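See structure below.
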Amino acid sequence: MDFKPSKFKKGDLVVYKGDPSSTLGVVRDQTGIYVKILWINWPGPQASLPPARGVMMHKLLRVASCDNAV
C-alpha cells in the first residue's frame with residue numbers, strides 16, 4: 001500500500017469521520033498512529049468517548065484552516 005499517513009500537529013482542529021457534523025476536538029499529541037484529542041463536542045455520554053490511548057489517525061479529518069481569511 002502506498003499512502004502518506006497524516007501528521008497532526010498540536011492544536012489542529014479535527015472531527016471524527018464517523019460523525020463529522022457533531023464532533024470537534026483539538027489535537028494534544030500524536031504517537032505513531034494514535035492521536036490524543038481533547039474533545040470539545042462529542043455527541044453522547046462521556047463514557048462513549050474514544051479510548052484514552054487515542055484515536056487512530058485514519059478515523060480523523062482535519063478541519064479546514066481559515067488562515068487565508070480576510
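Each chain in the C-alpha cells gets a letter, A, B and so on, in the order shown; residues start at 1 in every chain, and ligands are counted from 1 in the order they appear.
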
Taking 4 positions as the minimum chain separation for residues in the same chain, which residues sit within 8 Å of region 43-56 of chain A when counting only C-alpha atoms? Answer as JSON, numbers by chain.
{"A": [22, 23, 33, 34, 35, 36, 37, 60]}

Write out as number ranges by chain which residues come within 9 Å of Leu13 (chain A) when counting only C-alpha atoms, dropping same-chain ones fewer than 4 positions away.
A: 24-27, 61-65

Could you write out, as a PyMOL selection string, all the residues of region 20-63 of chain A that DSSP marks as helix (DSSP H, G or I)?
chain A and resi 46-48+57-59

Using C-alpha atoms, can you export the residues from the last selection as a PDB file, in the first residue's frame?
ATOM      1  CA  GLN A  46     -18.759  10.806  28.406  1.00  0.00           C
ATOM      2  CA  ALA A  47     -18.498   7.004  28.591  1.00  0.00           C
ATOM      3  CA  SER A  48     -18.790   6.729  24.797  1.00  0.00           C
ATOM      4  CA  MET A  57      -5.296   8.743  12.657  1.00  0.00           C
ATOM      5  CA  HIS A  58      -7.301   7.311   9.745  1.00  0.00           C
ATOM      6  CA  LYS A  59     -10.523   7.953  11.704  1.00  0.00           C
TER       7      LYS A  59
END
